[in-house]
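Trainee: To be precise about what I am sending: the file is called run.pdb and holds PDB, C-alpha atoms and all ligand atoms.
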MODEL        1
ATOM      1  CA  MET A   1     -57.199  49.500 -19.969
ATOM      2  CA  ILE A   2     -58.455  46.430 -21.732
ATOM      3  CA  SER A   3     -61.269  46.611 -24.270
ATOM      4  CA  ASP A   4     -64.782  45.531 -23.268
ATOM      5  CA  LYS A   5     -64.591  42.672 -25.756
ATOM      6  CA  LEU A   6     -61.381  41.277 -24.246
ATOM      7  CA  ASN A   7     -62.634  41.942 -20.700
ATOM      8  CA  ASP A   8     -65.736  39.826 -21.429
ATOM      9  CA  ALA A   9     -63.625  37.084 -22.997
ATOM     10  CA  LEU A  10     -61.303  36.996 -19.950
ATOM     11  CA  ASN A  11     -64.321  36.828 -17.623
ATOM     12  CA  GLY A  12     -65.579  33.885 -19.684
ATOM     13  CA  GLN A  13     -62.228  32.154 -19.248
ATOM     14  CA  ILE A  14     -62.231  32.798 -15.483
ATOM     15  CA  ASN A  15     -65.563  30.964 -15.405
ATOM     16  CA  ALA A  16     -64.146  28.115 -17.519
ATOM     17  CA  GLU A  17     -61.169  27.748 -15.152
ATOM     18  CA  LEU A  18     -63.473  27.733 -12.126
ATOM     19  CA  TYR A  19     -65.614  25.076 -13.822
ATOM     20  CA  SER A  20     -62.469  23.000 -14.425
ATOM     21  CA  SER A  21     -61.665  23.267 -10.729
ATOM     22  CA  TYR A  22     -65.208  22.252  -9.813
ATOM     23  CA  LEU A  23     -65.165  19.305 -12.222
ATOM     24  CA  TYR A  24     -61.834  18.020 -10.899
ATOM     25  CA  LEU A  25     -62.974  18.404  -7.311
ATOM     26  CA  SER A  26     -66.030  16.305  -8.191
ATOM     27  CA  MET A  27     -63.721  13.699  -9.704
ATOM     28  CA  SER A  28     -61.612  13.768  -6.534
ATOM     29  CA  ALA A  29     -64.727  13.030  -4.486
ATOM     30  CA  TRP A  30     -65.597  10.100  -6.786
ATOM     31  CA  PHE A  31     -62.111   8.595  -6.381
ATOM     32  CA  SER A  32     -62.464   8.881  -2.600
ATOM     33  CA  THR A  33     -65.666   6.809  -2.746
ATOM     34  CA  ARG A  34     -63.810   4.198  -4.816
ATOM     35  CA  SER A  35     -61.035   3.767  -2.212
ATOM     36  CA  LEU A  36     -58.436   5.294  -4.485
ATOM     37  CA  PRO A  37     -57.039   8.044  -2.207
ATOM     38  CA  GLY A  38     -53.983   8.632  -4.393
ATOM     39  CA  PHE A  39     -56.100   9.473  -7.447
ATOM     40  CA  ALA A  40     -58.326  11.594  -5.184
ATOM     41  CA  THR A  41     -55.242  13.564  -4.080
ATOM     42  CA  TRP A  42     -54.051  13.953  -7.676
ATOM     43  CA  MET A  43     -57.433  15.288  -8.798
ATOM     44  CA  ARG A  44     -57.618  17.605  -5.814
ATOM     45  CA  CYS A  45     -54.208  19.074  -6.733
ATOM     46  CA  GLN A  46     -55.544  19.473 -10.269
ATOM     47  CA  ALA A  47     -58.571  21.334  -8.869
ATOM     48  CA  GLN A  48     -56.278  23.647  -6.865
ATOM     49  CA  GLU A  49     -54.234  24.290  -9.978
ATOM     50  CA  GLU A  50     -57.358  25.333 -11.882
ATOM     51  CA  LEU A  51     -58.354  27.672  -9.080
ATOM     52  CA  PHE A  52     -54.894  29.199  -9.381
ATOM     53  CA  HIS A  53     -55.418  29.637 -13.152
ATOM     54  CA  ALA A  54     -58.714  31.431 -12.438
ATOM     55  CA  THR A  55     -57.334  33.761  -9.762
ATOM     56  CA  LYS A  56     -54.232  34.583 -11.796
ATOM     57  CA  MET A  57     -56.559  35.830 -14.569
ATOM     58  CA  PHE A  58     -58.824  37.526 -12.014
ATOM     59  CA  ASP A  59     -55.820  39.521 -10.733
ATOM     60  CA  TYR A  60     -54.764  40.403 -14.265
ATOM     61  CA  VAL A  61     -58.185  41.828 -15.205
ATOM     62  CA  ASN A  62     -58.128  43.987 -12.071
ATOM     63  CA  GLU A  63     -54.551  45.061 -12.709
ATOM     64  CA  ARG A  64     -55.508  46.251 -16.199
ATOM     65  CA  GLY A  65     -58.407  48.315 -14.930
ATOM     66  CA  GLY A  66     -61.038  45.880 -16.173
ATOM     67  CA  THR A  67     -64.059  44.565 -14.292
ATOM     68  CA  VAL A  68     -64.298  40.995 -13.065
ATOM     69  CA  VAL A  69     -67.834  39.615 -13.251
ATOM     70  CA  LEU A  70     -68.288  36.135 -11.855
ATOM     71  CA  GLU A  71     -71.010  34.031 -13.485
ATOM     72  CA  ALA A  72     -72.669  30.852 -12.207
ATOM     73  CA  ILE A  73     -70.554  27.704 -12.416
ATOM     74  CA  ALA A  74     -72.202  24.751 -14.191
ATOM     75  CA  LYS A  75     -72.857  21.556 -12.217
ATOM     76  CA  PRO A  76     -70.153  18.987 -12.994
ATOM     77  CA  ASP A  77     -70.685  15.247 -13.497
ATOM     78  CA  ALA A  78     -70.579  13.231 -10.291
ATOM     79  CA  THR A  79     -70.231   9.602 -11.384
ATOM     80  CA  TRP A  80     -68.075   7.700 -13.864
ATOM     81  CA  ASP A  81     -67.760   4.071 -14.958
ATOM     82  CA  SER A  82     -64.047   3.676 -14.227
ATOM     83  CA  PRO A  83     -60.824   5.563 -13.406
ATOM     84  CA  LEU A  84     -59.986   5.419 -17.117
ATOM     85  CA  ALA A  85     -63.340   7.047 -17.973
ATOM     86  CA  VAL A  86     -62.532   9.876 -15.537
ATOM     87  CA  LEU A  87     -59.090  10.553 -16.966
ATOM     88  CA  LYS A  88     -60.343  10.325 -20.550
ATOM     89  CA  GLN A  89     -62.853  13.037 -19.699
ATOM     90  CA  VAL A  90     -60.046  15.145 -18.200
ATOM     91  CA  ALA A  91     -58.078  14.735 -21.460
ATOM     92  CA  ARG A  92     -61.097  15.788 -23.551
ATOM     93  CA  HIS A  93     -61.755  18.710 -21.247
ATOM     94  CA  GLU A  94     -58.163  19.936 -21.399
ATOM     95  CA  ALA A  95     -58.214  19.776 -25.216
ATOM     96  CA  HIS A  96     -61.349  21.934 -25.065
ATOM     97  CA  VAL A  97     -59.675  24.418 -22.684
ATOM     98  CA  THR A  98     -56.671  24.636 -25.013
ATOM     99  CA  GLN A  99     -59.073  25.697 -27.766
ATOM    100  CA  LEU A 100     -60.596  28.321 -25.457
ATOM    101  CA  ILE A 101     -57.121  29.701 -24.660
ATOM    102  CA  ASN A 102     -56.252  29.820 -28.354
ATOM    103  CA  ASP A 103     -59.483  31.745 -29.023
ATOM    104  CA  LEU A 104     -58.580  34.140 -26.227
ATOM    105  CA  VAL A 105     -55.132  34.762 -27.723
ATOM    106  CA  ASN A 106     -56.792  35.449 -31.080
ATOM    107  CA  CYS A 107     -59.115  37.936 -29.361
ATOM    108  CA  ALA A 108     -56.122  39.720 -27.737
ATOM    109  CA  LEU A 109     -54.396  39.862 -31.141
ATOM    110  CA  ASP A 110     -57.546  41.248 -32.804
ATOM    111  CA  GLU A 111     -57.739  43.908 -30.094
ATOM    112  CA  ARG A 112     -54.027  44.681 -30.583
ATOM    113  CA  ASP A 113     -53.556  44.222 -26.834
ATOM    114  CA  HIS A 114     -49.917  43.187 -26.642
ATOM    115  CA  ALA A 115     -49.785  43.019 -22.835
ATOM    116  CA  SER A 116     -52.652  40.509 -22.851
ATOM    117  CA  THR A 117     -51.032  38.505 -25.635
ATOM    118  CA  ILE A 118     -47.890  38.211 -23.496
ATOM    119  CA  PHE A 119     -49.911  37.417 -20.348
ATOM    120  CA  LEU A 120     -51.808  34.651 -22.153
ATOM    121  CA  GLN A 121     -48.608  32.954 -23.307
ATOM    122  CA  TRP A 122     -48.322  31.528 -19.784
ATOM    123  CA  TYR A 123     -51.657  29.729 -20.330
ATOM    124  CA  VAL A 124     -50.609  28.506 -23.764
ATOM    125  CA  THR A 125     -47.525  26.859 -22.218
ATOM    126  CA  GLU A 126     -49.517  25.565 -19.259
ATOM    127  CA  GLN A 127     -51.979  23.820 -21.601
ATOM    128  CA  VAL A 128     -49.129  21.942 -23.294
ATOM    129  CA  GLU A 129     -48.083  20.625 -19.861
ATOM    130  CA  GLU A 130     -51.649  19.823 -18.800
ATOM    131  CA  GLU A 131     -52.410  17.849 -21.948
ATOM    132  CA  ALA A 132     -49.099  15.966 -21.723
ATOM    133  CA  SER A 133     -49.485  15.028 -18.061
ATOM    134  CA  VAL A 134     -53.071  13.810 -18.366
ATOM    135  CA  GLY A 135     -52.205  11.965 -21.596
ATOM    136  CA  GLU A 136     -49.520  10.048 -19.704
ATOM    137  CA  VAL A 137     -51.966   9.083 -16.946
ATOM    138  CA  VAL A 138     -54.484   7.867 -19.545
ATOM    139  CA  ASN A 139     -51.816   5.735 -21.249
ATOM    140  CA  ARG A 140     -50.699   4.183 -17.969
ATOM    141  CA  LEU A 141     -54.277   3.355 -17.009
ATOM    142  CA  LYS A 142     -54.757   1.652 -20.371
ATOM    143  CA  MET A 143     -51.636  -0.456 -19.720
ATOM    144  CA  ILE A 144     -52.866  -1.442 -16.252
ATOM    145  CA  GLY A 145     -56.307  -2.504 -17.526
ATOM    146  CA  ASN A 146     -57.972  -4.695 -14.878
ATOM    147  CA  ASP A 147     -54.760  -5.524 -13.000
ATOM    148  CA  SER A 148     -55.647  -4.562  -9.403
ATOM    149  CA  ALA A 149     -52.022  -4.795  -8.182
ATOM    150  CA  GLY A 150     -51.024  -2.351 -10.901
ATOM    151  CA  MET A 151     -53.882  -0.030  -9.927
ATOM    152  CA  PHE A 152     -52.869  -0.187  -6.264
ATOM    153  CA  ALA A 153     -49.266   0.735  -7.128
ATOM    154  CA  MET A 154     -50.370   3.570  -9.397
ATOM    155  CA  ASP A 155     -52.709   4.925  -6.736
ATOM    156  CA  MET A 156     -49.767   5.079  -4.299
ATOM    157  CA  GLU A 157     -47.734   7.016  -6.835
ATOM    158  CA  MET A 158     -50.545   9.419  -7.765
ATOM    159  CA  GLY A 159     -50.916  10.245  -4.069
ATOM    160  CA  LYS A 160     -47.408  11.705  -3.950
ATOM    161  CA  ARG A 161     -48.466  14.735  -5.952
ATOM    162  CA  ILE A 162     -48.234  18.038  -4.093
ATOM    163  CA  PHE A 163     -49.861  21.235  -5.330
ATOM    164  CA  THR A 164     -47.239  23.782  -6.343
ATOM    165  CA  PRO A 165     -48.544  26.879  -8.135
TER
HETATM  166 FE1  LIG B 201     -56.643  25.695 -16.533
HETATM  167  O1  LIG B 201     -55.889  24.335 -17.418
HETATM  168 FE2  LIG B 201     -56.886  22.845 -17.145
HETATM  169  O2  LIG B 201     -58.522  23.454 -17.541
ENDMDL
END
Rewrite the structure of this file - the entire thing - as structure tokens.

Mentor:
Amino acid sequence: MISDKLNDALNGQINAELYSSYLYLSMSAWFSTRSLPGFATWMRCQAQEELFHATKMFDYVNERGGTVVLEAIAKPDATWDSPLAVLKQVARHEAHVTQLINDLVNCALDERDHASTIFLQWYVTEQVEEEASVGEVVNRLKMIGNDSAGMFAMDMEMGKRIFTP
């Protein structure tokens, strides 16, 4: 069994992961309206990944005899000034999620719940990857600037992403 305190914290993180998915899906829709289907595909894969993060935690809470309570998901932004503005927001958001995961690990340690500490290590590692991959996209967009040929080529490449849990 997990403690009520940790159960609540995990439910909070499930909501945060679902919000991430919702936000990235909104970003995918925005890219579609801007005729950047490759970026739209990339963001959609990102949204699917976040849904996977949420359901992985959902399964864990159930497995440990806890109770999943799903809360309302906040409305995400729907418009941005540029592709760079979108990806910068993703980078800021992922840094925020990393902090949430760190807080969750601290909660598991405080509760002396070793199984949860081990389970959460997967998320700690995943955040390192998430921050690195979005950081690379931000840097490449900065290099491209207003070069439309460069943006076209990058869109083609972004579209090759396939969701693999
Ligand atoms: Fe779930 O890692 Fe991003 O938010």

Trainee: Please evaluate the PyMOL selection byres (((chain A and resi 46) around 12) and not hetatm) against the structure above and give the resulting residues as a PyMOL selection string.

Mentor: chain A and resi 17-18+20-28+39-45+47-53+87+90+94+130+133-134+158+161-165

Trainee: Identify all residues satisfying the PyMOL selection byres (((chain A and resi 141) around 12) and not hetatm) in the given file; provide them as a PyMOL selection string.

Mentor: chain A and resi 39+82-88+134-140+142-148+150-155+158

Trainee: For a test of reading the model, state the distance in Å between CA of Leu6 (chain A) and CA of His93 (chain A), rounded to one decimal.

Mentor: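 Atom-to-atom, CA of Leu6 (chain A) and CA of His93 (chain A) are spaced 22.8 Å apart.
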
Trainee: Since I can't run it myself right now, could you work out what the PyMOL selection byres (((chain A and resi 123-127) around 8) and not hetatm) selects here and report it as a list in words?

Mentor: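 Evaluating the PyMOL selection byres (((chain A and resi 123-127) around 8) and not hetatm) on this file yields Glu94, Val97, Thr98, Ile101, Asn102, Phe119, Leu120, Gln121, Trp122, Val128, Glu129, Glu130 and Glu131 of chain A.
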
Trainee: Pick out the closest residue to ligand LIG 201 (chain B) from this set: A:Val69, A:Ala108, A:Ala54, A:Ala132. Count all atoms listed in the file.

Mentor: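 When distances to ligand LIG 201 (chain B) are compared using all atoms listed in the file, the smallest one comes from A:Ala54.
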
Trainee: Residues near Asp4 (chain A), anyone? I mean within 12 Å using all atoms listed in the file, not counting same-chain ones fewer than 3 positions away, as an mmCIF file with C-alpha atoms, keeping the file's coordinate frame.

Mentor:
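Result saved to part08.cif:
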data_model
loop_
_atom_site.group_PDB
_atom_site.id
_atom_site.type_symbol
_atom_site.label_atom_id
_atom_site.label_comp_id
_atom_site.auth_asym_id
_atom_site.auth_seq_id
_atom_site.Cartn_x
_atom_site.Cartn_y
_atom_site.Cartn_z
ATOM 1 C CA MET A 1 -57.199 49.500 -19.969
ATOM 2 C CA ASN A 7 -62.634 41.942 -20.700
ATOM 3 C CA ASP A 8 -65.736 39.826 -21.429
ATOM 4 C CA ALA A 9 -63.625 37.084 -22.997
ATOM 5 C CA LEU A 10 -61.303 36.996 -19.950
ATOM 6 C CA ASN A 11 -64.321 36.828 -17.623
ATOM 7 C CA VAL A 61 -58.185 41.828 -15.205
ATOM 8 C CA ARG A 64 -55.508 46.251 -16.199
ATOM 9 C CA GLY A 65 -58.407 48.315 -14.930
ATOM 10 C CA GLY A 66 -61.038 45.880 -16.173
ATOM 11 C CA THR A 67 -64.059 44.565 -14.292
ATOM 12 C CA VAL A 68 -64.298 40.995 -13.065
ATOM 13 C CA CYS A 107 -59.115 37.936 -29.361
ATOM 14 C CA ALA A 108 -56.122 39.720 -27.737
ATOM 15 C CA GLU A 111 -57.739 43.908 -30.094
ATOM 16 C CA ASP A 113 -53.556 44.222 -26.834
#

Trainee: For ligand LIG 201 (chain B), which of A:Ala91, A:Leu36, A:Met156, A:Ile73 is the closest residue, counting all atoms listed in the file?

Mentor: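 Ranking A:Ala91, A:Leu36, A:Met156, A:Ile73 by distance to ligand LIG 201 (chain B), first place goes to A:Ala91.
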
Trainee: From the set A:Thr33, A:Ile2, A:Glu63, A:Ala74, which residue has the shortest atom-to-atom contact distance to Tyr19 (chain A), counting only C-alpha atoms?

Mentor: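 Answer, going by the shortest atom-to-atom distance: A:Ala74.
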
Trainee: Restricting the calculation to all atoms listed in the file: of A:Trp80, A:Ser35, A:Ser116, A:His96, which residue gets closest to ligand LIG 201 (chain B)?

Mentor: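 Looking at the shortest contact to ligand LIG 201 (chain B), the residue is A:His96.
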
Trainee: Select, from A:Thr79, A:Ala72, A:Leu100, A:Phe58, the residue with the minimum atom-to-atom distance to ligand LIG 201 (chain B), counting all atoms listed in the file.

Mentor: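 Closest residue, counting all atoms listed in the file: A:Leu100.
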
Trainee: Rank nothing, just name the residue among A:Ser3, A:Asn62, A:Asn106, A:Gln99 nearest to ligand LIG 201 (chain B), using all atoms listed in the file.

Mentor: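 For ligand LIG 201 (chain B), the nearest of the given residues is A:Gln99.
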
Trainee: How many Å separate CA of Met57 (chain A) from CA of Ala29 (chain A)?

Mentor: 26.2 Å

Trainee: Where atoms are absent from region 1-16 of chain A, fill them in so it carries N, CA and C atoms, then output it as a short mmCIF file (atom, residue, chain, number, x, y, z; two decimals), in the frame of the given file.

Mentor:
data_model
loop_
_atom_site.label_atom_id
_atom_site.label_comp_id
_atom_site.auth_asym_id
_atom_site.auth_seq_id
_atom_site.Cartn_x
_atom_site.Cartn_y
_atom_site.Cartn_z
N MET A 1 -55.80 50.02 -19.95
CA MET A 1 -57.20 49.50 -19.97
C MET A 1 -57.35 48.40 -21.03
N ILE A 2 -58.16 47.44 -20.71
CA ILE A 2 -58.46 46.43 -21.73
C ILE A 2 -59.81 46.77 -22.37
N SER A 3 -59.99 46.32 -23.59
CA SER A 3 -61.27 46.61 -24.27
C SER A 3 -62.40 45.80 -23.62
N ASP A 4 -63.63 46.25 -23.82
CA ASP A 4 -64.78 45.53 -23.27
C ASP A 4 -64.85 44.11 -23.82
N LYS A 5 -64.52 43.99 -25.11
CA LYS A 5 -64.59 42.67 -25.76
C LYS A 5 -63.62 41.69 -25.08
N LEU A 6 -62.38 42.15 -24.87
CA LEU A 6 -61.38 41.28 -24.25
C LEU A 6 -61.72 41.04 -22.77
N ASN A 7 -62.22 42.08 -22.10
CA ASN A 7 -62.63 41.94 -20.70
C ASN A 7 -63.69 40.83 -20.58
N ASP A 8 -64.68 40.86 -21.46
CA ASP A 8 -65.74 39.83 -21.43
C ASP A 8 -65.15 38.44 -21.69
N ALA A 9 -64.23 38.38 -22.66
CA ALA A 9 -63.62 37.08 -23.00
C ALA A 9 -62.81 36.55 -21.81
N LEU A 10 -62.09 37.43 -21.12
CA LEU A 10 -61.30 37.00 -19.95
C LEU A 10 -62.23 36.54 -18.82
N ASN A 11 -63.35 37.26 -18.64
CA ASN A 11 -64.32 36.83 -17.62
C ASN A 11 -64.88 35.44 -17.97
N GLY A 12 -65.11 35.20 -19.25
CA GLY A 12 -65.58 33.88 -19.68
C GLY A 12 -64.56 32.81 -19.35
N GLN A 13 -63.27 33.14 -19.53
CA GLN A 13 -62.23 32.15 -19.25
C GLN A 13 -62.07 31.93 -17.74
N ILE A 14 -62.27 32.97 -16.95
CA ILE A 14 -62.23 32.80 -15.48
C ILE A 14 -63.30 31.78 -15.08
N ASN A 15 -64.48 31.91 -15.70
CA ASN A 15 -65.56 30.96 -15.40
C ASN A 15 -65.18 29.55 -15.85
N ALA A 16 -64.55 29.44 -17.01
CA ALA A 16 -64.15 28.12 -17.52
C ALA A 16 -63.11 27.47 -16.59
#
